[in-house]
Structure formats: structure tokens, C-alpha cells
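Shown next: my_file_17.txt, given as compact mmCIF, C-alpha atoms and all ligand atoms.
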# COMPACT_ATOMS: atom_id res chain seq x y z
CA MET A 1 94.42 127.32 98.40
CA GLY A 2 97.75 125.91 97.15
CA SER A 3 97.29 122.82 99.31
CA ALA A 4 93.83 121.63 98.22
CA PHE A 5 93.81 118.05 97.00
CA ARG A 6 90.68 117.74 94.84
CA VAL A 7 88.93 114.42 95.41
CA VAL A 8 87.57 112.44 92.46
CA ARG A 9 86.10 109.33 94.02
CA SER A 10 86.83 105.92 92.50
CA ALA A 11 83.93 104.39 90.59
CA HIS A 12 85.08 100.91 91.62
CA THR A 13 85.59 100.78 95.36
CA THR A 14 86.16 97.45 97.12
CA PRO A 15 82.86 95.77 98.12
CA GLU A 16 82.19 95.99 101.85
CA ALA A 17 82.37 92.24 102.46
CA GLU A 18 85.73 92.00 100.70
CA ARG A 19 87.09 94.95 102.69
CA ALA A 20 85.86 93.39 105.95
CA ALA A 21 87.66 90.14 105.10
CA ILE A 22 90.89 92.07 104.43
CA LEU A 23 90.55 94.10 107.63
CA ALA A 24 90.16 90.88 109.62
CA ALA A 25 93.79 89.95 108.80
CA PRO A 26 95.51 92.64 106.76
CA GLY A 27 99.16 91.66 107.43
CA PHE A 28 101.51 94.45 106.36
CA GLY A 29 101.72 96.09 102.93
CA ARG A 30 99.64 93.50 101.10
CA TYR A 31 96.24 95.15 100.57
CA PHE A 32 95.71 98.75 99.52
CA THR A 33 92.86 101.19 99.90
CA ASP A 34 90.73 102.43 97.01
CA HIS A 35 92.38 105.80 96.46
CA MET A 36 95.75 107.52 96.13
CA ALA A 37 96.80 111.15 96.46
CA SER A 38 99.21 112.64 93.95
CA ALA A 39 100.82 115.82 92.67
CA VAL A 40 103.31 116.66 89.93
CA TRP A 41 106.30 119.01 89.97
CA THR A 42 108.05 120.66 87.04
CA PRO A 43 110.56 123.55 87.23
CA ASP A 44 108.17 125.95 85.46
CA ALA A 45 104.86 125.10 87.18
CA GLY A 46 106.17 124.01 90.60
CA TRP A 47 103.78 121.64 92.39
CA HIS A 48 100.46 121.22 90.54
CA GLU A 49 97.86 118.58 89.60
CA ARG A 50 97.13 117.95 93.30
CA ARG A 51 94.41 115.32 93.49
CA VAL A 52 92.99 112.29 95.22
CA GLY A 53 91.72 109.74 92.72
CA ALA A 54 91.29 106.00 92.23
CA LEU A 55 94.33 103.87 93.12
CA GLU A 56 95.79 102.97 89.74
CA PRO A 57 99.09 101.82 88.20
CA PHE A 58 101.59 104.36 86.83
CA SER A 59 102.45 104.24 83.18
CA LEU A 60 106.19 104.95 82.89
CA HIS A 61 108.44 105.23 79.85
CA PRO A 62 111.28 102.67 80.16
CA SER A 63 113.80 105.54 80.36
CA THR A 64 112.09 107.12 83.40
CA ALA A 65 114.94 108.35 85.59
CA VAL A 66 113.88 106.63 88.84
CA LEU A 67 114.16 103.22 87.16
CA HIS A 68 117.83 103.87 86.42
CA TYR A 69 119.23 106.15 89.12
CA ALA A 70 116.90 105.54 92.11
CA GLN A 71 116.09 109.22 92.66
CA GLU A 72 113.30 108.39 95.12
CA ILE A 73 112.32 109.07 98.73
CA PHE A 74 109.50 107.89 100.98
CA GLU A 75 107.93 108.20 104.40
CA GLY A 76 105.93 105.91 106.67
CA LEU A 77 103.27 106.97 109.17
CA LYS A 78 100.01 105.61 110.52
CA ALA A 79 96.40 106.68 111.08
CA TYR A 80 94.87 105.33 114.30
CA ARG A 81 91.20 104.85 115.06
CA HIS A 82 90.24 105.65 118.64
CA ALA A 83 87.51 103.89 120.62
CA ASP A 84 85.03 106.73 119.84
CA GLY A 85 85.51 106.19 116.09
CA SER A 86 87.68 109.27 115.48
CA VAL A 87 90.83 108.94 113.35
CA TRP A 88 94.18 110.53 114.21
CA LEU A 89 97.70 110.93 112.83
CA PHE A 90 100.74 110.82 115.12
CA ARG A 91 103.32 113.64 114.73
CA PRO A 92 102.90 113.86 110.91
CA GLU A 93 104.70 117.22 110.86
CA ARG A 94 107.90 115.33 111.76
CA ASN A 95 107.47 113.09 108.73
CA ALA A 96 106.84 116.16 106.56
CA ARG A 97 110.09 117.76 107.72
CA ARG A 98 112.10 114.58 107.27
CA PHE A 99 110.58 114.18 103.79
CA ALA A 100 111.82 117.68 102.95
CA ARG A 101 115.33 116.84 104.22
CA SER A 102 115.35 113.58 102.25
CA ALA A 103 114.25 115.49 99.12
CA GLU A 104 117.10 117.93 99.49
CA ARG A 105 119.65 115.10 99.85
CA MET A 106 118.30 113.32 96.75
CA GLY A 107 118.05 116.37 94.48
CA LEU A 108 114.26 116.32 94.55
CA PRO A 109 111.99 119.37 95.02
CA ARG A 110 110.81 120.20 98.53
CA LEU A 111 107.13 119.46 99.09
CA PRO A 112 105.62 122.14 101.38
CA GLU A 113 104.55 120.77 104.78
CA ALA A 114 100.99 121.99 104.12
CA ASP A 115 100.81 119.84 100.96
CA PHE A 116 102.22 116.82 102.75
CA LEU A 117 99.61 117.10 105.51
CA ALA A 118 96.72 118.00 103.18
CA SER A 119 97.42 115.05 100.86
CA ILE A 120 97.47 112.58 103.74
CA GLU A 121 94.37 113.98 105.39
CA ALA A 122 92.45 114.00 102.09
CA LEU A 123 93.42 110.38 101.41
CA VAL A 124 92.52 109.17 104.91
CA ARG A 125 89.14 110.93 104.67
CA ALA A 126 88.47 109.39 101.22
CA ASP A 127 89.39 105.92 102.51
CA GLU A 128 87.97 106.23 106.02
CA PRO A 129 86.27 102.79 106.02
CA TRP A 130 89.73 101.26 105.58
CA VAL A 131 91.01 102.53 108.95
CA PRO A 132 90.85 99.42 111.15
CA ALA A 133 88.91 99.32 114.41
CA PRO A 134 91.24 99.53 117.43
CA THR A 135 90.83 95.90 118.48
CA GLY A 136 94.54 95.10 118.55
CA GLU A 137 97.46 97.01 117.06
CA GLU A 138 95.90 97.50 113.62
CA SER A 139 96.23 100.86 111.91
CA LEU A 140 96.19 102.40 108.45
CA TYR A 141 99.82 102.54 107.29
CA ILE A 142 100.40 105.54 105.04
CA ARG A 143 103.19 105.63 102.49
CA PRO A 144 104.00 109.03 100.93
CA PHE A 145 106.72 108.87 98.26
CA MET A 146 108.27 110.99 95.53
CA PHE A 147 110.23 109.96 92.46
CA ALA A 148 112.04 111.21 89.35
CA ALA A 149 109.39 110.77 86.63
CA GLU A 150 111.23 112.40 83.72
CA ALA A 151 111.92 110.17 80.73
CA PHE A 152 115.62 111.00 80.28
CA LEU A 153 118.85 109.02 80.69
CA GLY A 154 121.18 111.88 81.67
CA VAL A 155 122.37 111.84 85.26
CA ARG A 156 120.94 115.07 86.69
CA PRO A 157 117.99 116.00 88.95
CA ALA A 158 114.77 115.16 87.11
CA GLU A 159 112.62 117.96 85.73
CA ARG A 160 109.40 116.05 86.21
CA VAL A 161 108.72 114.63 89.66
CA VAL A 162 105.69 112.75 90.96
CA TYR A 163 104.55 112.80 94.58
CA CYS A 164 102.09 110.11 95.64
CA VAL A 165 100.49 108.74 98.82
CA ILE A 166 99.07 105.24 99.13
CA ALA A 167 97.72 103.47 102.22
CA CYS A 168 97.22 99.94 103.49
CA PRO A 169 95.50 98.54 106.55
CA ALA A 170 98.25 97.00 108.64
CA GLN A 171 99.04 94.74 111.54
CA PRO A 172 102.40 95.09 113.33
CA TYR A 173 105.38 94.69 110.99
CA PHE A 174 106.82 91.75 112.91
CA SER A 175 104.49 88.83 113.47
CA SER A 176 106.40 88.20 116.73
CA GLY A 177 105.27 91.76 117.74
CA ALA A 178 106.01 92.43 121.39
CA GLY A 179 107.63 88.98 121.62
CA GLY A 180 110.97 90.18 120.31
CA VAL A 181 113.43 89.78 117.45
CA THR A 182 117.01 88.60 117.06
CA LEU A 183 119.66 90.66 115.27
CA TRP A 184 122.56 89.60 113.06
CA VAL A 185 125.67 91.79 113.27
CA SER A 186 126.89 92.04 109.69
CA THR A 187 130.61 92.36 109.06
CA THR A 188 130.00 91.98 105.32
CA TYR A 189 127.78 94.99 104.74
CA THR A 190 127.45 98.53 106.09
CA ARG A 191 124.38 100.69 105.64
CA ALA A 192 125.85 104.17 105.28
CA ALA A 193 129.03 106.22 105.35
CA LYS A 194 129.67 109.79 106.50
CA GLY A 195 128.44 112.13 103.78
CA GLY A 196 126.31 109.37 102.23
CA THR A 197 122.53 108.96 102.22
CA GLY A 198 122.16 107.21 105.59
CA ALA A 199 120.05 109.97 107.16
CA ALA A 200 117.74 110.21 104.11
CA LYS A 201 114.73 107.95 103.75
CA CYS A 202 115.48 106.96 100.16
CA GLY A 203 114.56 103.71 98.47
CA GLY A 204 118.20 102.97 97.61
CA ASN A 205 119.07 102.52 101.29
CA TYR A 206 116.42 99.84 101.57
CA GLY A 207 117.30 98.14 98.27
CA ALA A 208 120.91 97.93 99.44
CA SER A 209 119.81 96.34 102.72
CA LEU A 210 118.30 93.27 101.09
CA ALA A 211 121.51 91.26 100.74
CA ALA A 212 122.32 91.97 104.40
CA GLN A 213 118.78 90.93 105.39
CA THR A 214 119.19 87.67 103.47
CA GLU A 215 122.49 87.10 105.31
CA ALA A 216 120.72 87.68 108.66
CA GLU A 217 117.96 85.22 107.82
CA ARG A 218 120.53 82.62 106.70
CA HIS A 219 121.92 82.83 110.23
CA GLY A 220 118.48 82.40 111.78
CA CYS A 221 118.04 86.09 112.73
CA ASP A 222 115.11 88.41 112.05
CA GLN A 223 116.97 91.62 111.18
CA VAL A 224 120.44 93.09 110.66
CA LEU A 225 122.29 95.22 113.17
CA TYR A 226 124.48 97.55 111.13
CA LEU A 227 127.85 98.81 112.31
CA ASP A 228 129.67 101.75 110.75
CA GLY A 229 132.46 99.49 109.50
CA THR A 230 133.03 95.90 108.53
CA ASP A 231 134.67 94.76 111.75
CA GLU A 232 133.36 94.53 115.28
CA GLU A 233 135.46 97.51 116.38
CA GLY A 234 132.87 99.77 114.76
CA HIS A 235 129.97 101.76 116.17
CA VAL A 236 126.43 100.46 116.32
CA GLU A 237 124.17 102.24 113.82
CA GLU A 238 120.59 101.03 113.33
CA SER A 239 118.65 98.05 112.18
CA GLY A 240 117.56 99.06 108.68
CA ALA A 241 113.87 99.57 109.43
CA MET A 242 114.38 100.57 113.09
CA ASN A 243 116.52 102.61 115.48
CA LEU A 244 118.25 100.81 118.34
CA PHE A 245 117.95 101.51 122.09
CA LEU A 246 119.73 100.16 125.18
CA ILE A 247 118.45 100.42 128.74
CA THR A 248 121.19 100.38 131.38
CA SER A 249 121.18 99.39 135.03
CA ARG A 250 122.19 103.02 135.76
CA GLY A 251 118.80 104.16 134.47
CA GLU A 252 119.89 105.47 131.07
CA LEU A 253 118.13 105.06 127.75
CA VAL A 254 120.99 105.08 125.26
CA THR A 255 120.63 105.35 121.49
CA PRO A 256 123.27 105.96 118.80
CA ALA A 257 123.74 109.63 117.92
CA LEU A 258 122.37 110.98 114.64
CA GLY A 259 124.58 111.44 111.59
CA THR A 260 124.41 108.44 109.31
CA ILE A 261 121.23 106.91 110.76
CA LEU A 262 117.57 107.72 110.18
CA GLU A 263 116.10 110.36 112.49
CA GLY A 264 113.14 108.20 113.52
CA VAL A 265 109.88 109.74 114.70
CA THR A 266 109.42 106.84 117.13
CA ARG A 267 113.06 107.34 118.20
CA ASP A 268 112.33 110.93 119.14
CA THR A 269 109.07 109.93 120.85
CA VAL A 270 110.78 107.32 123.02
CA LEU A 271 113.56 109.76 123.98
CA ALA A 272 110.93 112.32 125.02
CA LEU A 273 108.99 109.76 127.10
CA ALA A 274 112.06 108.30 128.84
CA PRO A 275 112.02 110.62 131.91
CA GLU A 276 108.44 109.49 132.70
CA PHE A 277 109.93 106.05 133.29
CA GLY A 278 112.87 107.30 135.39
CA LEU A 279 115.23 106.94 132.42
CA THR A 280 117.76 109.56 131.31
CA PRO A 281 117.82 109.83 127.50
CA VAL A 282 121.37 109.70 126.10
CA GLU A 283 122.28 110.10 122.42
CA ARG A 284 125.91 109.15 121.87
CA PRO A 285 128.12 106.89 119.78
CA VAL A 286 128.06 103.28 121.02
CA THR A 287 130.75 100.82 119.96
CA PHE A 288 129.76 97.23 119.32
CA ARG A 289 132.48 96.18 121.75
CA GLU A 290 130.74 98.25 124.48
CA LEU A 291 127.31 96.81 123.61
CA ARG A 292 128.55 93.25 123.81
CA ALA A 293 130.54 93.77 127.03
CA SER A 294 127.75 95.64 128.79
CA VAL A 295 125.10 93.05 127.88
CA THR A 296 127.46 90.33 129.14
CA ASP A 297 128.26 92.08 132.46
CA GLY A 298 124.62 93.10 132.99
CA THR A 299 125.14 96.88 132.60
CA VAL A 300 122.73 96.79 129.65
CA THR A 301 119.55 95.15 130.87
CA GLU A 302 117.25 95.60 127.87
CA VAL A 303 117.65 96.25 124.15
CA PHE A 304 114.85 97.22 121.79
CA ALA A 305 114.31 98.62 118.32
CA ALA A 306 111.84 101.34 117.39
CA GLY A 307 110.20 102.48 114.16
CA THR A 308 106.78 103.45 112.80
CA ALA A 309 106.06 100.05 111.29
CA ALA A 310 107.78 98.07 114.05
CA VAL A 311 106.55 100.25 116.95
CA LEU A 312 108.82 99.13 119.85
CA THR A 313 110.18 95.65 119.32
CA PRO A 314 112.26 93.98 122.03
CA VAL A 315 115.60 92.56 120.92
CA THR A 316 116.07 89.24 122.67
CA GLY A 317 119.35 88.06 121.16
CA ILE A 318 122.31 89.17 119.04
CA LYS A 319 124.46 86.96 116.82
CA GLY A 320 127.53 87.49 114.70
CA GLU A 321 130.25 85.45 113.03
CA GLY A 322 131.29 82.93 115.71
CA TYR A 323 129.27 84.25 118.68
CA ALA A 324 125.75 84.65 120.01
CA PHE A 325 124.44 86.22 123.19
CA THR A 326 121.05 86.84 124.69
CA ILE A 327 119.80 90.03 126.28
CA GLY A 328 119.00 89.30 129.92
CA SER A 329 117.04 86.06 130.05
CA SER A 330 116.05 86.58 126.37
CA GLU A 331 112.54 87.54 127.51
CA PRO A 332 111.19 90.94 126.40
CA GLY A 333 112.18 93.54 129.03
CA LYS A 334 109.73 95.14 131.47
CA GLN A 335 110.77 98.75 130.79
CA THR A 336 110.58 98.12 127.04
CA ALA A 337 107.05 96.75 127.50
CA ALA A 338 106.06 99.79 129.60
CA LEU A 339 107.44 102.28 127.06
CA ARG A 340 105.74 100.37 124.25
CA GLU A 341 102.43 100.44 126.06
CA ARG A 342 102.76 104.20 126.64
CA VAL A 343 103.52 104.96 122.96
CA LEU A 344 100.58 102.81 121.80
CA GLY A 345 98.38 104.26 124.56
CA ILE A 346 98.93 107.79 123.21
CA GLN A 347 98.56 106.73 119.58
CA TYR A 348 95.25 104.93 120.22
CA GLY A 349 93.93 107.61 122.58
CA ARG A 350 93.90 105.31 125.63
CA VAL A 351 96.00 107.75 127.67
CA GLU A 352 96.12 111.54 127.59
CA ASP A 353 98.25 113.09 124.84
CA THR A 354 100.03 115.58 127.09
CA TYR A 355 102.61 116.35 124.37
CA GLY A 356 100.10 117.42 121.69
CA TRP A 357 101.40 114.75 119.32
CA LEU A 358 98.06 113.67 117.85
CA ARG A 359 96.38 115.40 114.89
CA ARG A 360 92.69 114.72 114.34
CA VAL A 361 91.69 113.81 110.78
CA LEU A 362 88.12 112.63 111.35
CA GLY A 363 85.84 113.35 114.28
CA PRO A 364 83.75 110.78 116.15
C1 LIG A 401 108.52 102.57 108.66
O1 LIG A 401 108.69 102.21 109.82
O2 LIG A 401 107.57 103.30 108.34
C2 LIG A 401 109.43 102.16 107.60
O3 LIG A 401 109.57 102.88 106.67
C3 LIG A 401 110.12 100.88 107.75
C4 LIG A 401 109.91 99.88 106.66
C5 LIG A 401 108.58 99.27 106.53
C6 LIG A 401 110.59 100.20 105.38
Please render this file's structure as C-alpha cells.
Amino acid sequence: MGSAFRVVRSAHTTPEAERAAILAAPGFGRYFTDHMASAVWTPDAGWHERRVGALEPFSLHPSTAVLHYAQEIFEGLKAYRHADGSVWLFRPERNARRFARSAERMGLPRLPEADFLASIEALVRADEPWVPAPTGEESLYIRPFMFAAEAFLGVRPAERVVYCVIACPAQPYFSSGAGGVTLWVSTTYTRAAKGGTGAAKCGGNYGASLAAQTEAERHGCDQVLYLDGTDEEGHVEESGAMNLFLITSRGELVTPALGTILEGVTRDTVLALAPEFGLTPVERPVTFRELRASVTDGTVTEVFAAGTAAVLTPVTGIKGEGYAFTIGSSEPGKQTAALRERVLGIQYGRVEDTYGWLRRVLGP
């Protein structure tokens, strides 16, 4: 039973009325459930101390390696409540595998897939009342992460590592939701380089995105569109928290090829669903010059971004230094809306899960 996460219930859970008030308008990442799952790794003992206990702060020595060298990775996935009260995860095995790849890139120990899944399921079961009712697009957002917990200032892989899972009831990441976002094409910042950490889900990638995000907001945009260089001759990469997709008038669903971008679970889901909507999925490099020209001449009819937190978010406009253009009439596209509805339909159990993507955590 290497994967058993022993549950020690919190003695101070949130009163029901307070939880109900939070669940009425949770926002994103602001309120947390009563418990956390955790485990510890050392070279001699491997993974041990698997448990689910009360959510509590860490106590870290000021020399703890993660505070200095950012040896940290994370994941993001959601638990969905269906109309019959049951609770489900969506393709969590994909997150487990990406977590393992991120760990390898960041010199962290690999967490077995069975531990990843067991920790999440144990936490969701312990915090079941926190999984929102399926009235809108609310879900329980789950954040597994792992960090270098050794108190040591040498630059080498840590010999004490902590794995932890926390959860928060969540509404869609963007308050504009299905209404759409605008993107700022940064020629100041790039997100990743070949051989770098772009494909890993490590905190450093997100920390480094904050200056670019501030730049985007200064120009009145919601998010950044990263290129692989600092001029507009470069290739389109991703949007920091989301992968990018283009729908063409030829019936293609085009997304930048993997390499320096995150291998999104929603990205893969959308590519798999594309043929159901008469779209041919295409993964290939896309230059910014091509994107701009094909939006202008009408070859690209819709643009959207996809991620676990963001679901499918239409992109309605793109801006850069000295130019701005809208996508179509700057209204969210019809095919984007249909794909979005299909993904959410499967996640919330409103349509049949013909792909076997859902994993039941709690029965009705
Ligand atoms: C996710 O979509 O789960 C993410 O990790 C994006 C973001 C909230 C950092």
C-alpha cells in the first residue's frame, strides 16, 4: 500500500455557513479548503510521510533551497460535481505524467502516478463539501506542487523534497469568461528558449511572466502572447497560462507545435475533439507574421486560448507596439463556443464521455 494517504481530519473545519458564503462567490485562488495532502522525499527513504491533514502553513528555514533557487513544480486540475452529486476528475493521469516530466527537468524526484492520483482523491474526499454544485462553471481547483525543502545554500538538487496538494473552490479564471480576452504581443520578453524550461510547469516560468503581464495590462490587454524571439518575425508560442489555437476558413484547428510550450491537457482535449466539429487538428510552427496576415485576410476566422483554469477563452483582439487588430468582428467565435460547450459538457457529465476521460472520485 505505498500509495495510501492516511487521513487525519482537521479539528477546526470551516463552519457550514461560512463555507456556503464562500461557495456563493469563490473567485479563483482566494479561499482554500480545510485540508491538504502531503508527502516527503529523501534519498534514503524515498517518498514517505504520506498524509492528508489540516491545511496549515509550512515552517521553513530561511536557507530552504526553493526560496533561493526556485526548484519547484506544480500542476493544476479540477474536480467537477455532476448533477447527481457525484464528483469527478478530468484526465488526471495526464497531469501526473506531466508532473513527472517537470520533476525530471527541475532535478526533483519523480512522484509515482499512483501517489499523485491517491493524494488528490484522498484530499477531494476529505473536502467533499467544498466541491461546488454545478450551477455555473464552478469547480474545485486542485493544485499539486513539489519543492526543494532542504535547508542548504549549495546549488544542487535538494535532498529533502516536499510534495503537497491544496484545493480551492473556483469560478472561471477570467471574469470575462466566454466573453473573450485581448492579447499583447510582447517584443520585450520571451517565455522560453530551446533547451530551457518552457515545457516544464515550474514556478519560475510564471514568476518570469509577471513583468510581461504588467506590460500587457499597461497596454490595455488581458494577457501576453509570447513569441519565440523579441521581434515580430518570430513564432507564436503560448499565452503564459494558456495554449493558443487558430481556426481557419479551410476547416483546420491550428496550434503551435510542442517544444518550448506547455503540453496542456486542455490543448490535447481540444485537438482530440476537433474532428467532431469538422476541424482537422494541425500542430505546427506558426509565425506571428502568418497569424497577423491570415487574421487580416480572413483565413483565420477564430482565435482562442485553452487551459485548465481558463477552459476555452475566445481571443477577440491582438495588440502590439504600433498596431492592433480584431479577430473577425471581435465577437467570440461560434466554433470556439461549440468546442467550449463540448469540453464543459463532458467535464460536468452533461454529455457522454465517449473518450473515457472522467475518473470518479465520489459516487452519487
Ligand atoms: C492552470 O490552468 O491550471 C494553470 O496552471 C494556469 C494558471 C492559473 C497558473
List the neighbours of Phe145 of chain A out to 12 Å using all atoms listed in the file; skip same-chain residues closer than 2 positions along the sequence, and give me the result as a PDB file with C-alpha atoms, keeping the file's coordinate frame.
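Everything below was put into selection02.pdb:
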ATOM      1  CA  MET A  36      95.750 107.520  96.130  1.00  0.00           C
ATOM      2  CA  ALA A  37      96.800 111.150  96.460  1.00  0.00           C
ATOM      3  CA  SER A  38      99.210 112.640  93.950  1.00  0.00           C
ATOM      4  CA  ALA A  39     100.820 115.820  92.670  1.00  0.00           C
ATOM      5  CA  VAL A  40     103.310 116.660  89.930  1.00  0.00           C
ATOM      6  CA  GLN A  71     116.090 109.220  92.660  1.00  0.00           C
ATOM      7  CA  GLU A  72     113.300 108.390  95.120  1.00  0.00           C
ATOM      8  CA  ILE A  73     112.320 109.070  98.730  1.00  0.00           C
ATOM      9  CA  PHE A  74     109.500 107.890 100.980  1.00  0.00           C
ATOM     10  CA  GLU A  75     107.930 108.200 104.400  1.00  0.00           C
ATOM     11  CA  GLY A  76     105.930 105.910 106.670  1.00  0.00           C
ATOM     12  CA  LEU A  77     103.270 106.970 109.170  1.00  0.00           C
ATOM     13  CA  ASN A  95     107.470 113.090 108.730  1.00  0.00           C
ATOM     14  CA  ALA A  96     106.840 116.160 106.560  1.00  0.00           C
ATOM     15  CA  ARG A  98     112.100 114.580 107.270  1.00  0.00           C
ATOM     16  CA  PHE A  99     110.580 114.180 103.790  1.00  0.00           C
ATOM     17  CA  ALA A 100     111.820 117.680 102.950  1.00  0.00           C
ATOM     18  CA  SER A 102     115.350 113.580 102.250  1.00  0.00           C
ATOM     19  CA  ALA A 103     114.250 115.490  99.120  1.00  0.00           C
ATOM     20  CA  LEU A 108     114.260 116.320  94.550  1.00  0.00           C
ATOM     21  CA  LEU A 111     107.130 119.460  99.090  1.00  0.00           C
ATOM     22  CA  PHE A 116     102.220 116.820 102.750  1.00  0.00           C
ATOM     23  CA  SER A 119      97.420 115.050 100.860  1.00  0.00           C
ATOM     24  CA  ILE A 120      97.470 112.580 103.740  1.00  0.00           C
ATOM     25  CA  ILE A 142     100.400 105.540 105.040  1.00  0.00           C
ATOM     26  CA  ARG A 143     103.190 105.630 102.490  1.00  0.00           C
ATOM     27  CA  PHE A 147     110.230 109.960  92.460  1.00  0.00           C
ATOM     28  CA  ALA A 148     112.040 111.210  89.350  1.00  0.00           C
ATOM     29  CA  VAL A 161     108.720 114.630  89.660  1.00  0.00           C
ATOM     30  CA  VAL A 162     105.690 112.750  90.960  1.00  0.00           C
ATOM     31  CA  TYR A 163     104.550 112.800  94.580  1.00  0.00           C
ATOM     32  CA  CYS A 164     102.090 110.110  95.640  1.00  0.00           C
ATOM     33  CA  VAL A 165     100.490 108.740  98.820  1.00  0.00           C
ATOM     34  CA  ILE A 166      99.070 105.240  99.130  1.00  0.00           C
ATOM     35  CA  ALA A 167      97.720 103.470 102.220  1.00  0.00           C
ATOM     36  CA  LYS A 201     114.730 107.950 103.750  1.00  0.00           C
ATOM     37  CA  CYS A 202     115.480 106.960 100.160  1.00  0.00           C
ATOM     38  CA  GLY A 203     114.560 103.710  98.470  1.00  0.00           C
TER      39      GLY A 203
END
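For the set A:Asn205, A:Ser186, A:Thr230, A:Thr336, the residue with the smallest atom-to-atom gap to ligand LIG 401 (chain A) is A:Asn205, counting all atoms listed in the file.
A straight line drawn from atom CA of Gly333 of chain A to atom CA of Leu140 of chain A is 27.5 Å long.
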(request) Using only C-alpha atoms and all ligand atoms, pick whichever of A:Gly107, A:Gly229, A:Gly307, A:Gly322 has the shortest atom-to-atom distance to ligand LIG 401 (chain A). (result) A:Gly307
(request) Choose the residue, out of A:Ala4, A:Val282, A:Val254, A:Ala170, that has the smallest atom-to-atom separation from Thr301 of chain A; count all atoms listed in the file. (result) A:Val254
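Nearest to Arg19 of chain A of all the residues A:Asp84, A:Pro169, A:Ala118, A:Phe304 is A:Pro169, counting all atoms listed in the file.
Distances from A:Cys168, A:Val185, A:Val361, A:Leu246 to ligand LIG 401 (chain A) were compared using all atoms listed in the file, and the smallest one belongs to A:Cys168.
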